[in-house]
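S.K.: Here's a structure for you.
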Amino acid sequence: MNLHREPGGRKELWLLLLAAAFVFSNGVALSLVMGGQLLFRYLGTPLAWAFLIGGCYYLLNRYRPYRDPLLFPLVALLTGWGVLLQSRLAPNFMWRQVLWLGVGAAAFLIIVILPQDLRWLRRYRYTWLTLGLLLLLATIVLGVNPSGLPVAQYWLTLPFVNWVFFQPSELLKLLLVVFLASYFHEREKQFQDNPTHNWRQQLAYLGPLALMWGFCLILLVWQRDLGAAALFFILFLALLYLATGNQWYILSGFILLLMAGVIAYFAFDVVALRVDAWWNPWPEADNRAFQIVQSLYAIASGSLLGQGIGQGFPGYIPVVHSDFAFAAIAEEWGLLGTLGIILCFVLLAYRGLRLAYFATQPFARYLAAGIVILFSAQAFLIMGGVTKLLPLTGVTLPFVSYGGSSLFVSWLMMGLLVYLSGENQDGSYEG
Amino acid sequence: MLPPTIVGEGPGVRGARSPVQLPSFIFFPMSPITSSPRERIHRLMQAVLLAFTGVALALAYWGVARAPAILARDDNPRLVEAALRIQRGRIYDIHNVLLAETVGEGNRLTRVYPIPSIGPAVGYYSFRHGTSGIEEGLNSTLRGDSTSAWEMNRRQLRHEVQVGRDVRLTLNATWQQQAATLMEPYQGAMVLLALPDAAIRVMVSQPGYDPNLLDQQFAELTADSRAPLLNRVTQGQYQPGMVLQPFFLAAALEQGLLQLSTPAPTLTDSVIVAGQTFACTVPDGIPQNYESALIYACPAPMQRLSMNWSAAALEDILDQFGFTQNPILPLNTDVPFGEPVQNVPLALIGQENLTVTPLQVALALATLTNGGQSLRPQLVSGVQNETGVWQPYLPPTPSSLLPIISAGTARQIMQALPVSRGIIGHDYLVLSGPEGNMNSWYIAAAPLANPRYVLVLVLEGEEDSQVAVAVGQTLLQTILATP
């Protein structure tokens with residue numbers, strides 16, 4: 001399959017220039033607002049971003065000229081916006097984020113350019129998943145919090161570089177997508193040939209899958225990383241639906257989710273806190289619901305057009321640069337800005353699902369759909385949490401929030417999507 | 001969005017039922033698979049769209065529909081941030097002497113009061129403790145708030161620093177400082193009005209406070225039993241005693257109940273209030289009439305008026321002279337009024353549950369000095385408009401001069417009051433409160449020929465009223481000596 005008979009370079013270039021215009025104009029505005037003049041402190045990160053994006057564009061054109069012309073500009077815009085936001089909200093972490101962006105971009109290029117096919121990814125699914133689970137187990141035993149706090153110890157320090165932290169659950173997302181895509185690829189024929197089964201047959205088909213998924217979930221709940229657990233659940237249900245077409249799976253899945261939520265409410269303080277703060281935050285505005293209430297103030301303050309970059313007060317929201325980056329966007333770019341972010345994710349989902357739609361190989365279909373579901377669900381969970389549509393789950397906004405592991409893995413997943421959108425040398429995706 | 005689905009593509013065959021099957025709601029339901037993978041991708045896209053539409057609606061709800069209500073909440077820190085950045089207007093005295101200004105940059109602004117003793121008169125502006133006095137009464141003007149929603153939105157959109165408008169008071173900073181110095185050893189209040197417009201030139205409440213040090217001293221100030229944060233001129237409630245005598249006699253003259261020459265056979269009789277005996281001491285040979293009763297503040301003749309006045313009639317008189325109303329000023333003058341008059345004889349000598357503020361007494365005296373016409377007090381002479389041009393300050397409601405008593409009656413009373421050092425004045429020693437505390441009062445008008453100033457002074461706990469006389473006369477002499 002080749003969806004892009006014409007090289008998308010020129011169209012893509014215009015879109016990238018538009019993204020650059022947005023990032024640089026905001027960078028200049030930020031510098032003028034904060035320092036009264038053009039300062040490298042504020043323009044350095046947009047320049048680094050431009051350098052990385054320009055390099056990626058050059059190499060993509062050279063080695064993968066036939067690719068989706070929207071995917072890379074969308075990611076470039078979201079990443080640029082994120083880098084800009086970090087300059088604004090967390091200047092101390094700014095260069096660390098840029099470093100992760102560089103590593104992510106390199107991984108993106110490796111994924112897009114080097115592989116002849118994706119068999120290496122499909123065939124060794126249990127190896128990948130075992131690796132991910134081992135990492136997760138290591139986190140339970142050796143996990144730390146970069147802030148040094150004895151809570152939310154989701155990170156591992158890299159060997160010999162103890163100032164670099166990595167969150168294995170981020171990588172596990174990708175590995176789980178790969179595992180599920182590979183599993184459904186293998187079993188799809190069975191589903192097609194014999195779509196209805198008795199429960200014994202279903203157990204035989206879905207048992208290993210459910211076991212593996214349940215194991216991931218238990219580990220995550222053990223760690224109290226509820227955001228990742230919710231993501232895995234949604235991913236599992238969506239891909240199960242895509243593979244089987246059975247809507248009852250979705251319905252029963254959501255009933256299970258609801259029941260799990262009720263149990264978690266009474267079992268875990270952190271869940272009870274988040275649900276209470278979500279249901280009625282105002283009586284606890286100065287206490288337990290401080291974060292969500294401050295987020296709502298930020299959204300209200302932004303109104304339609306926003307306060308302008310550097311001119312709002314998003315700093316009142318605890319952990320604004322990570323979990324509440326979307327609220328900061330709402331305050332400084334207003335409803336217009338947040339709708340722009342939403343549009344980016346909708347377009348990303350559309351282009352990704354379009355790949356799945358036209359995929360000739362089941363693995364490519366599941367992989368593209370899985371990545372899209374992950375991005376969309378993650379964005380929805382955090383946007384919904386910030387706007388009080390859902391209880392907070394503490395996940396990052398892909399490409400935008402601060403978080404090296406999240407950025408790195410997001411770029412890896414984008415690499416896979418762009419790879420799938422491009423023409424392989426032998427005309428296939430998986431060889 | 002996605003290309004149209006090819007109908008019938010993919011697995012869409014209804015399968016045969018298995019012989020061993022659990023009910024569909026127990027384990028994985030057995031519903032047939034009828035959709036193709038492409039249809040499922042379509043539905044996934046629809047789900048994504050639905051989810052993000054929900055987020056967009058939530059954003060519109062909080063960011064537009066509910067925004068005004070949310071942003072107005074007291075715990076919104078953005079209100080504080082906005083207040084911190086306001087370049088508050090300056091406050092001047094009548095001769096453009098600076099009384100208050102805001103200095104600093106960004107959100108590190110400080111309110112500075114160059115004359116610390118001005119405290120109770122001007123009030124304070126504190127980020128932590130709010131506002132009081134003129135700072136409170138003219139807060140909107142000093143903040144530079146605009147009545148135009150368009151203008152406020154324009155400023156907000158452009159992130160313009162809100163610049164307040166300047167205010168000019170009727171106070172005289174020099175006299176104010178002199179009065180504060182004279183009052184420093186005492187506890188009480190002093191107010192000086194300039195005629196004919198009842199402009200407040202001096203307003204001293206002692207003990208006071210330095211508004212520059214309010215944040216540091218707030219805890220001590222609020223804990224101090226002497227209530228230094230209270231402006232005693234406008235809100236200090238004192239039992240008036242014989243201070244009300246000139247006004248009651250004016251009303252009696254006006255109603256034709258008596259003349260000042262009317263004999264007062266009980267002139268030196270004693271009166272018992274709260275177990276204490278009060279009587280006036282008069283020199284030998286003076287006429288036994290109401291003029292003498294006025295000059296020597298004799299209580300017994302006043303009580304005889306209870307034969308003519310009911311409690312309601314007495315309240316009418318108090319109301320006419322403004323003792324039952326809060327003067328309209330751009331600062332807090334609210335005081336609670338006591339129970340209605342029940343014991344008329346006691347009320348006629350300023351006891352029972354009657355209380356007055358020094359400002360109310362000063363305005364009543366100004367009415368007598370002004371030929372019987374009531375006056376509205378003024379504390380603000382001008383404010384800047386939004387373009388920075390000075391304009392006369394318009395009080396909240398239009399003032400009107402109401403004749404309370406005839407000019408002749410007013411003149412009779414004023415002429416009957418004692419004169420000392422070219423000043424018409426009278427001092428009183430007043431029983432105040434159930435503990436038997438004594439307050440010294442001095443009420444005066446000057447200069448003698450054509451009074452331009454009215455002064456009322458009360459010293460709490462001072463049992464020698466001549467002290468009050470000395471303080472008041474010193475200030476008036478200084479003022480009269482000013483060219």
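Just remember, in the structure tokens the first chain shown is A, the second B, etc., residues are 1-based per chain, and ligands are 1-based in the order shown.
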Could you please select, counting only C-alpha atoms, the residues of chain A within 8 Å of chain B and state them as a PyMOL selection string?
M.R.: chain A and resi 192-199+202+238+241-246+248-249+286+294+296-297+299-304+307+311+313+316+334-335+339+342+346+349-350+353-354+356-357+369+376+380+383-384+387-389
S.K.: Could you write out that same residue set with N, CA and C atoms as a compact mmCIF listing (two decimals), in the first residue's frame?
M.R.:
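Produced file selection-v1.txt, reproduced below:
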```txt
# COMPACT_ATOMS: atom_id res chain seq x y z
N GLN A 192 -11.72 -14.41 12.30
CA GLN A 192 -12.46 -14.26 11.05
C GLN A 192 -13.13 -15.56 10.63
N ASP A 193 -12.35 -16.63 10.79
CA ASP A 193 -12.88 -17.92 10.36
C ASP A 193 -14.02 -18.39 11.25
N ASN A 194 -13.95 -18.10 12.50
CA ASN A 194 -14.94 -18.62 13.44
C ASN A 194 -15.27 -17.52 14.45
N PRO A 195 -16.08 -16.57 14.00
CA PRO A 195 -16.27 -15.38 14.81
C PRO A 195 -17.03 -15.60 16.12
N THR A 196 -17.83 -16.60 16.20
CA THR A 196 -18.53 -16.83 17.48
C THR A 196 -18.06 -18.14 18.06
N HIS A 197 -17.79 -18.10 19.32
CA HIS A 197 -17.25 -19.28 19.99
C HIS A 197 -17.97 -19.45 21.30
N ASN A 198 -17.84 -20.67 21.80
CA ASN A 198 -18.33 -20.84 23.17
C ASN A 198 -17.27 -20.29 24.12
N TRP A 199 -17.60 -20.26 25.38
CA TRP A 199 -16.72 -19.58 26.32
C TRP A 199 -15.37 -20.27 26.48
N GLN A 202 -13.29 -19.12 23.64
CA GLN A 202 -12.89 -17.72 23.86
C GLN A 202 -11.78 -17.63 24.89
N ALA A 238 -10.14 -1.25 23.39
CA ALA A 238 -10.29 -0.73 22.03
C ALA A 238 -9.72 -1.71 21.01
N TYR A 241 -11.91 -4.72 20.70
CA TYR A 241 -13.07 -4.41 19.85
C TYR A 241 -12.67 -4.40 18.38
N LEU A 242 -11.52 -3.80 18.10
CA LEU A 242 -11.07 -3.74 16.71
C LEU A 242 -10.84 -5.16 16.16
N ALA A 243 -10.35 -6.03 17.00
CA ALA A 243 -10.05 -7.39 16.54
C ALA A 243 -11.31 -8.22 16.40
N THR A 244 -12.22 -8.08 17.34
CA THR A 244 -13.38 -8.98 17.34
C THR A 244 -14.66 -8.33 16.83
N GLY A 245 -14.75 -7.02 16.93
CA GLY A 245 -15.96 -6.31 16.52
C GLY A 245 -17.10 -6.49 17.50
N ASN A 246 -16.81 -7.06 18.66
CA ASN A 246 -17.86 -7.35 19.63
C ASN A 246 -18.01 -6.18 20.60
N TRP A 248 -19.97 -5.92 22.99
CA TRP A 248 -20.19 -6.31 24.39
C TRP A 248 -18.89 -6.26 25.19
N TYR A 249 -17.81 -6.49 24.52
CA TYR A 249 -16.52 -6.40 25.22
C TYR A 249 -16.33 -4.99 25.79
N ASP A 286 -9.13 25.13 49.18
CA ASP A 286 -7.82 25.51 49.73
C ASP A 286 -7.03 24.32 50.22
N GLN A 294 -7.51 25.43 41.13
CA GLN A 294 -6.60 26.38 40.48
C GLN A 294 -6.61 26.18 38.96
N LEU A 296 -9.21 25.26 37.23
CA LEU A 296 -10.45 25.88 36.72
C LEU A 296 -10.31 27.40 36.69
N TYR A 297 -9.62 27.96 37.71
CA TYR A 297 -9.36 29.40 37.67
C TYR A 297 -8.55 29.77 36.43
N ILE A 299 -8.42 28.21 33.57
CA ILE A 299 -9.25 28.11 32.36
C ILE A 299 -10.18 29.32 32.27
N ALA A 300 -10.79 29.66 33.40
CA ALA A 300 -11.71 30.82 33.42
C ALA A 300 -10.96 32.10 33.10
N SER A 301 -9.76 32.22 33.62
CA SER A 301 -8.98 33.44 33.39
C SER A 301 -8.58 33.57 31.92
N GLY A 302 -8.33 32.43 31.29
CA GLY A 302 -7.94 32.46 29.88
C GLY A 302 -9.07 32.89 28.97
N SER A 303 -10.29 32.51 29.34
CA SER A 303 -11.48 32.85 28.56
C SER A 303 -11.28 32.48 27.08
N LEU A 304 -11.69 33.37 26.18
CA LEU A 304 -11.66 33.01 24.75
C LEU A 304 -10.27 33.11 24.15
N GLN A 307 -4.64 35.05 28.20
CA GLN A 307 -3.95 36.22 28.74
C GLN A 307 -2.71 36.56 27.91
N GLN A 311 1.82 36.03 30.61
CA GLN A 311 1.03 37.08 31.26
C GLN A 311 -0.09 36.55 32.14
N PHE A 313 -1.19 33.51 35.28
CA PHE A 313 -0.61 33.06 36.55
C PHE A 313 -0.78 31.56 36.71
N TYR A 316 0.24 29.12 39.94
CA TYR A 316 -0.51 28.76 41.14
C TYR A 316 -0.93 27.29 41.15
N GLY A 334 -6.01 30.73 25.89
CA GLY A 334 -7.47 30.77 25.91
C GLY A 334 -8.11 29.56 25.27
N LEU A 335 -9.42 29.68 25.09
CA LEU A 335 -10.19 28.60 24.47
C LEU A 335 -9.66 28.31 23.07
N LEU A 339 -8.50 24.68 21.88
CA LEU A 339 -9.15 24.03 20.73
C LEU A 339 -8.11 23.68 19.67
N ILE A 342 -6.59 20.51 20.81
CA ILE A 342 -7.53 19.41 20.56
C ILE A 342 -7.55 19.05 19.08
N VAL A 346 -6.97 15.51 17.30
CA VAL A 346 -8.00 14.92 16.44
C VAL A 346 -7.37 14.58 15.08
N ALA A 349 -5.20 11.62 15.36
CA ALA A 349 -6.00 10.40 15.42
C ALA A 349 -6.53 10.06 14.03
N TYR A 350 -6.98 11.07 13.33
CA TYR A 350 -7.54 10.84 11.99
C TYR A 350 -6.49 10.26 11.05
N LEU A 353 -5.56 6.70 12.24
CA LEU A 353 -6.59 5.70 11.94
C LEU A 353 -6.75 5.49 10.44
N ARG A 354 -6.43 6.52 9.70
CA ARG A 354 -6.46 6.39 8.24
C ARG A 354 -5.42 5.34 7.80
N ALA A 356 -4.45 2.89 9.66
CA ALA A 356 -5.01 1.60 10.07
C ALA A 356 -6.07 1.15 9.06
N TYR A 357 -6.83 2.11 8.61
CA TYR A 357 -7.93 1.83 7.68
C TYR A 357 -7.42 1.20 6.39
N ALA A 369 -3.57 1.68 14.95
CA ALA A 369 -4.75 1.99 15.78
C ALA A 369 -4.38 2.06 17.25
N SER A 376 -4.66 9.34 21.95
CA SER A 376 -5.97 9.99 22.14
C SER A 376 -6.46 9.80 23.57
N PHE A 380 -7.06 12.63 26.21
CA PHE A 380 -8.42 12.79 26.74
C PHE A 380 -8.42 12.70 28.26
N MET A 383 -6.82 15.96 29.63
CA MET A 383 -7.66 17.13 29.32
C MET A 383 -8.96 17.06 30.13
N GLY A 384 -9.54 15.85 30.19
CA GLY A 384 -10.77 15.67 30.97
C GLY A 384 -10.53 15.93 32.44
N THR A 387 -10.17 19.68 33.10
CA THR A 387 -11.42 20.45 32.94
C THR A 387 -12.55 19.92 33.82
N LYS A 388 -12.23 19.01 34.74
CA LYS A 388 -13.20 18.44 35.67
C LYS A 388 -14.27 17.59 34.98
N LEU A 389 -13.92 17.13 33.78
CA LEU A 389 -14.83 16.21 33.10
C LEU A 389 -14.66 14.80 33.66
```
S.K.: Would you return as a ChimeraX atom specification the members of region 67-312 of chain B that DSSP assigns to helix (DSSP H, G or I) on this structure's backbone?
M.R.: /B:67-71,77-84,116-122,133-137,139-143,149-158,173-183,211-223,232-235,241-254,290-295,299-307,311-312
S.K.: Kindly indicate which residue among B:Gln473, B:Ser292, B:Thr277, B:Asn139 lies nearest to Tyr453 (chain B), using only C-alpha atoms for the distances.
M.R.: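 Of the candidates, the smallest distance to Tyr453 (chain B) is held by B:Gln473.
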S.K.: Quick one: of B:Leu348, B:Tyr238, B:Gly372, B:Pro358, who's nearest to Gly461 (chain B), counting only C-alpha atoms?
M.R.: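 Comparing B:Leu348, B:Tyr238, B:Gly372, B:Pro358 against Gly461 (chain B), the winner is B:Tyr238.
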S.K.: Go ahead and compute the interatomic distance for CA of Leu59 (chain A) and CA of Leu109 (chain A), in Å to one decimal.
M.R.: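 It comes out at 7.8 Å.
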S.K.: Work out how far CA of Thr130 (chain A) is from CA of Leu175 (chain A), in Å to one decimal.
M.R.: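 Computed distance, CA of Leu175 (chain A) to CA of Thr130 (chain A), equals 9.2 Å.
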S.K.: If we count only C-alpha atoms, what is near Ala251 (chain B) at a cut-off of 9 Å, once residues fewer than 3 positions away on the same chain are taken out, given as number ranges by chain?
M.R.: B: 246-248, 254-257, 317, 404-405, 409
S.K.: For all heavy atoms, I'd like the residues from the last selection saved as a compact mmCIF listing (two decimals), in the first residue's frame.
M.R.:
```txt
# COMPACT_ATOMS: atom_id res chain seq x y z
N PRO B 246 -27.00 73.48 74.50
CA PRO B 246 -27.28 74.59 73.56
C PRO B 246 -28.32 74.21 72.51
O PRO B 246 -29.12 75.07 72.10
CB PRO B 246 -25.91 74.85 72.90
CG PRO B 246 -24.91 74.29 73.84
CD PRO B 246 -25.57 73.13 74.51
N PHE B 247 -28.32 72.96 72.11
CA PHE B 247 -29.24 72.55 71.04
C PHE B 247 -30.66 72.38 71.57
O PHE B 247 -31.64 72.75 70.92
CB PHE B 247 -28.72 71.26 70.39
CG PHE B 247 -27.25 71.35 70.06
CD1 PHE B 247 -26.30 70.66 70.78
CD2 PHE B 247 -26.82 72.22 69.05
CE1 PHE B 247 -24.95 70.79 70.51
CE2 PHE B 247 -25.46 72.35 68.77
CZ PHE B 247 -24.52 71.63 69.49
N PHE B 248 -30.78 71.83 72.78
CA PHE B 248 -32.11 71.72 73.38
C PHE B 248 -32.68 73.10 73.67
O PHE B 248 -33.86 73.36 73.45
CB PHE B 248 -32.03 70.91 74.69
CG PHE B 248 -31.84 69.43 74.48
CD1 PHE B 248 -31.05 68.68 75.34
CD2 PHE B 248 -32.45 68.77 73.42
CE1 PHE B 248 -30.87 67.32 75.16
CE2 PHE B 248 -32.27 67.40 73.22
CZ PHE B 248 -31.48 66.68 74.10
N GLU B 254 -36.96 78.15 69.87
CA GLU B 254 -37.64 78.12 68.57
C GLU B 254 -39.13 77.82 68.74
O GLU B 254 -39.98 78.35 68.03
CB GLU B 254 -36.97 77.06 67.68
CG GLU B 254 -37.41 77.07 66.23
CD GLU B 254 -36.89 78.27 65.46
OE1 GLU B 254 -36.01 78.98 65.98
OE2 GLU B 254 -37.37 78.50 64.33
N GLN B 255 -39.42 76.94 69.68
CA GLN B 255 -40.82 76.56 69.90
C GLN B 255 -41.55 77.55 70.82
O GLN B 255 -42.72 77.36 71.13
CB GLN B 255 -40.89 75.15 70.52
CG GLN B 255 -40.42 74.06 69.55
CD GLN B 255 -40.37 72.69 70.20
OE1 GLN B 255 -40.98 72.48 71.25
NE2 GLN B 255 -39.67 71.78 69.57
N GLY B 256 -40.84 78.55 71.29
CA GLY B 256 -41.46 79.57 72.13
C GLY B 256 -41.74 79.10 73.54
O GLY B 256 -42.58 79.69 74.25
N LEU B 257 -41.08 78.06 73.95
CA LEU B 257 -41.32 77.54 75.31
C LEU B 257 -40.68 78.43 76.36
O LEU B 257 -41.11 78.46 77.51
CB LEU B 257 -40.78 76.12 75.43
CG LEU B 257 -41.38 75.07 74.51
CD1 LEU B 257 -40.71 73.71 74.72
CD2 LEU B 257 -42.88 74.93 74.77
N ILE B 317 -36.28 66.44 68.04
CA ILE B 317 -35.25 67.50 68.17
C ILE B 317 -33.86 66.91 67.90
O ILE B 317 -33.05 67.49 67.16
CB ILE B 317 -35.32 68.14 69.57
CG1 ILE B 317 -36.65 68.89 69.70
CG2 ILE B 317 -34.14 69.07 69.80
CD1 ILE B 317 -37.00 69.27 71.13
N ILE B 404 -33.09 74.51 60.25
CA ILE B 404 -33.52 73.75 61.42
C ILE B 404 -34.15 74.69 62.44
O ILE B 404 -35.22 74.42 63.00
CB ILE B 404 -32.33 73.00 62.04
CG1 ILE B 404 -31.87 71.92 61.05
CG2 ILE B 404 -32.70 72.37 63.37
CD1 ILE B 404 -30.63 71.22 61.46
N ILE B 405 -33.45 75.77 62.65
CA ILE B 405 -34.00 76.82 63.53
C ILE B 405 -33.78 78.15 62.83
O ILE B 405 -32.99 78.22 61.87
CB ILE B 405 -33.31 76.82 64.92
CG1 ILE B 405 -31.79 76.91 64.74
CG2 ILE B 405 -33.70 75.62 65.75
CD1 ILE B 405 -31.07 77.13 66.03
N THR B 409 -32.75 82.70 66.49
CA THR B 409 -32.57 81.76 67.61
C THR B 409 -31.12 81.30 67.68
O THR B 409 -30.51 81.26 68.76
CB THR B 409 -33.50 80.54 67.42
OG1 THR B 409 -34.84 81.01 67.31
CG2 THR B 409 -33.37 79.58 68.58
```
S.K.: With a distance cut-off of 12 Å and only C-alpha atoms, select the neighbouring residues of Leu99 (chain A), excluding the residue or stretch itself and same-chain residues fewer than 4 positions from it, and output the selection as a PyMOL selection string.
M.R.: chain A and resi 45+48-49+52+83+93-95+103-106+164+402-405+407-408
S.K.: One number please: CA of Phe326 (chain A) to CA of Gly308 (chain A), in Å, one decimal.
M.R.: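 According to the coordinates, CA of Phe326 (chain A) and CA of Gly308 (chain A) are separated by 14.4 Å.
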S.K.: Choose the residue, out of A:Val98, A:Arg88, A:Val112, A:Phe375, that has the smallest atom-to-atom separation from Val33 (chain A); count only C-alpha atoms.
M.R.: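 Of all the options, A:Arg88 lies closest to Val33 (chain A).
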S.K.: What are the DSSP strand (DSSP E) residues of region 198-429 of chain B, as an MDAnalysis selection string?
M.R.: chainID B and resid 199:206 271:273 276:278 380:384 390:392 419:420 423:429
S.K.: Which neighbours of Leu365 (chain B) fall inside 10 Å, counting only C-alpha atoms, when residues of the same chain fewer than 6 positions from it are skipped, and could you give them as a list in words?
M.R.: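 The filter keeps Leu193, Leu244, Pro246, Phe247, Phe321, Leu359, Gly372, Ser374, Ala410, Met414, Ile443, Ala444, Ala445, Val454, Leu455 and Val456 of chain B.
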S.K.: Please produce an output containing all heavy atoms for each residue in the selection, written as a CSV table (one decimal), in the first residue's frame.
M.R.:
```
chain,number,residue,atom,x,y,z
B,193,LEU,N,-14.1,71.9,61.7
B,193,LEU,CA,-14.8,72.2,60.5
B,193,LEU,C,-14.6,73.6,60.0
B,193,LEU,O,-14.6,74.5,60.9
B,193,LEU,CB,-16.3,71.9,60.6
B,193,LEU,CG,-16.8,70.6,61.2
B,193,LEU,CD1,-18.4,70.6,61.2
B,193,LEU,CD2,-16.3,69.5,60.3
B,244,LEU,N,-25.3,68.8,74.9
B,244,LEU,CA,-26.5,69.0,74.1
B,244,LEU,C,-27.3,70.2,74.5
B,244,LEU,O,-28.3,70.5,73.9
B,244,LEU,CB,-27.3,67.7,74.1
B,244,LEU,CG,-26.7,66.4,73.5
B,244,LEU,CD1,-27.8,65.3,73.5
B,244,LEU,CD2,-26.2,66.7,72.1
B,246,PRO,N,-27.0,73.5,74.5
B,246,PRO,CA,-27.3,74.6,73.6
B,246,PRO,C,-28.3,74.2,72.5
B,246,PRO,O,-29.1,75.1,72.1
B,246,PRO,CB,-25.9,74.8,72.9
B,246,PRO,CG,-24.9,74.3,73.8
B,246,PRO,CD,-25.6,73.1,74.5
B,247,PHE,N,-28.3,73.0,72.1
B,247,PHE,CA,-29.2,72.5,71.0
B,247,PHE,C,-30.7,72.4,71.6
B,247,PHE,O,-31.6,72.8,70.9
B,247,PHE,CB,-28.7,71.3,70.4
B,247,PHE,CG,-27.3,71.4,70.1
B,247,PHE,CD1,-26.3,70.7,70.8
B,247,PHE,CD2,-26.8,72.2,69.1
B,247,PHE,CE1,-25.0,70.8,70.5
B,247,PHE,CE2,-25.5,72.3,68.8
B,247,PHE,CZ,-24.5,71.6,69.5
B,321,PHE,N,-31.2,67.9,64.7
B,321,PHE,CA,-29.8,68.4,64.8
B,321,PHE,C,-28.9,67.3,64.3
B,321,PHE,O,-27.6,67.4,64.4
B,321,PHE,CB,-29.5,68.8,66.2
B,321,PHE,CG,-30.0,70.2,66.5
B,321,PHE,CD1,-31.1,70.4,67.2
B,321,PHE,CD2,-29.2,71.3,66.1
B,321,PHE,CE1,-31.5,71.7,67.5
B,321,PHE,CE2,-29.6,72.6,66.4
B,321,PHE,CZ,-30.8,72.8,67.1
B,359,LEU,N,-18.2,64.2,65.6
B,359,LEU,CA,-18.6,64.8,64.3
B,359,LEU,C,-20.0,65.3,64.3
B,359,LEU,O,-20.4,66.4,63.8
B,359,LEU,CB,-18.4,63.8,63.2
B,359,LEU,CG,-18.7,64.3,61.8
B,359,LEU,CD1,-17.8,65.5,61.4
B,359,LEU,CD2,-18.5,63.3,60.7
B,372,GLY,N,-28.5,78.6,61.7
B,372,GLY,CA,-29.6,77.6,61.9
B,372,GLY,C,-29.8,76.7,60.7
B,372,GLY,O,-30.8,75.9,60.7
B,374,SER,N,-28.7,73.6,58.4
B,374,SER,CA,-27.9,72.4,58.5
B,374,SER,C,-26.9,72.3,57.4
B,374,SER,O,-27.0,72.9,56.3
B,374,SER,CB,-28.7,71.1,58.5
B,374,SER,OG,-29.3,70.9,57.2
B,410,ALA,N,-30.6,81.0,66.5
B,410,ALA,CA,-29.2,80.5,66.5
B,410,ALA,C,-28.3,81.6,67.0
B,410,ALA,O,-27.3,81.3,67.8
B,410,ALA,CB,-28.8,80.1,65.0
B,414,MET,N,-25.7,81.4,70.2
B,414,MET,CA,-24.2,81.6,70.0
B,414,MET,C,-23.7,82.8,70.8
B,414,MET,O,-22.6,82.8,71.4
B,414,MET,CB,-23.9,81.8,68.5
B,414,MET,CG,-24.1,80.6,67.7
B,414,MET,SD,-23.2,79.1,68.3
B,414,MET,CE,-21.5,79.6,67.9
B,443,ILE,N,-16.4,72.6,73.1
B,443,ILE,CA,-16.9,73.0,71.8
B,443,ILE,C,-16.7,74.5,71.6
B,443,ILE,O,-16.8,75.3,72.5
B,443,ILE,CB,-18.5,72.6,71.7
B,443,ILE,CG1,-19.3,73.5,72.7
B,443,ILE,CG2,-18.7,71.1,71.9
B,443,ILE,CD1,-20.8,73.3,72.5
B,444,ALA,N,-16.3,74.8,70.4
B,444,ALA,CA,-15.9,76.2,70.1
B,444,ALA,C,-16.2,76.7,68.7
B,444,ALA,O,-16.3,75.8,67.8
B,444,ALA,CB,-14.4,76.4,70.5
B,445,ALA,N,-16.3,78.0,68.5
B,445,ALA,CA,-16.4,78.6,67.2
B,445,ALA,C,-15.5,79.8,67.2
B,445,ALA,O,-15.5,80.5,68.2
B,445,ALA,CB,-17.9,78.9,66.9
B,454,VAL,N,-15.4,75.7,63.4
B,454,VAL,CA,-16.1,75.1,64.5
B,454,VAL,C,-15.2,73.9,65.0
B,454,VAL,O,-14.7,73.1,64.2
B,454,VAL,CB,-17.4,74.5,64.0
B,454,VAL,CG1,-18.0,73.5,65.0
B,454,VAL,CG2,-18.4,75.7,63.8
B,455,LEU,N,-15.0,73.9,66.3
B,455,LEU,CA,-14.1,72.8,66.8
B,455,LEU,C,-14.8,72.0,67.9
B,455,LEU,O,-15.5,72.6,68.7
B,455,LEU,CB,-12.8,73.4,67.4
B,455,LEU,CG,-11.8,72.5,68.0
B,455,LEU,CD1,-10.4,72.7,67.5
B,455,LEU,CD2,-11.9,72.5,69.5
B,456,VAL,N,-14.7,70.8,67.9
B,456,VAL,CA,-15.3,69.9,69.0
B,456,VAL,C,-14.1,69.0,69.4
B,456,VAL,O,-13.5,68.4,68.6
B,456,VAL,CB,-16.5,69.1,68.5
B,456,VAL,CG1,-16.9,68.1,69.5
B,456,VAL,CG2,-17.7,70.1,68.2
```
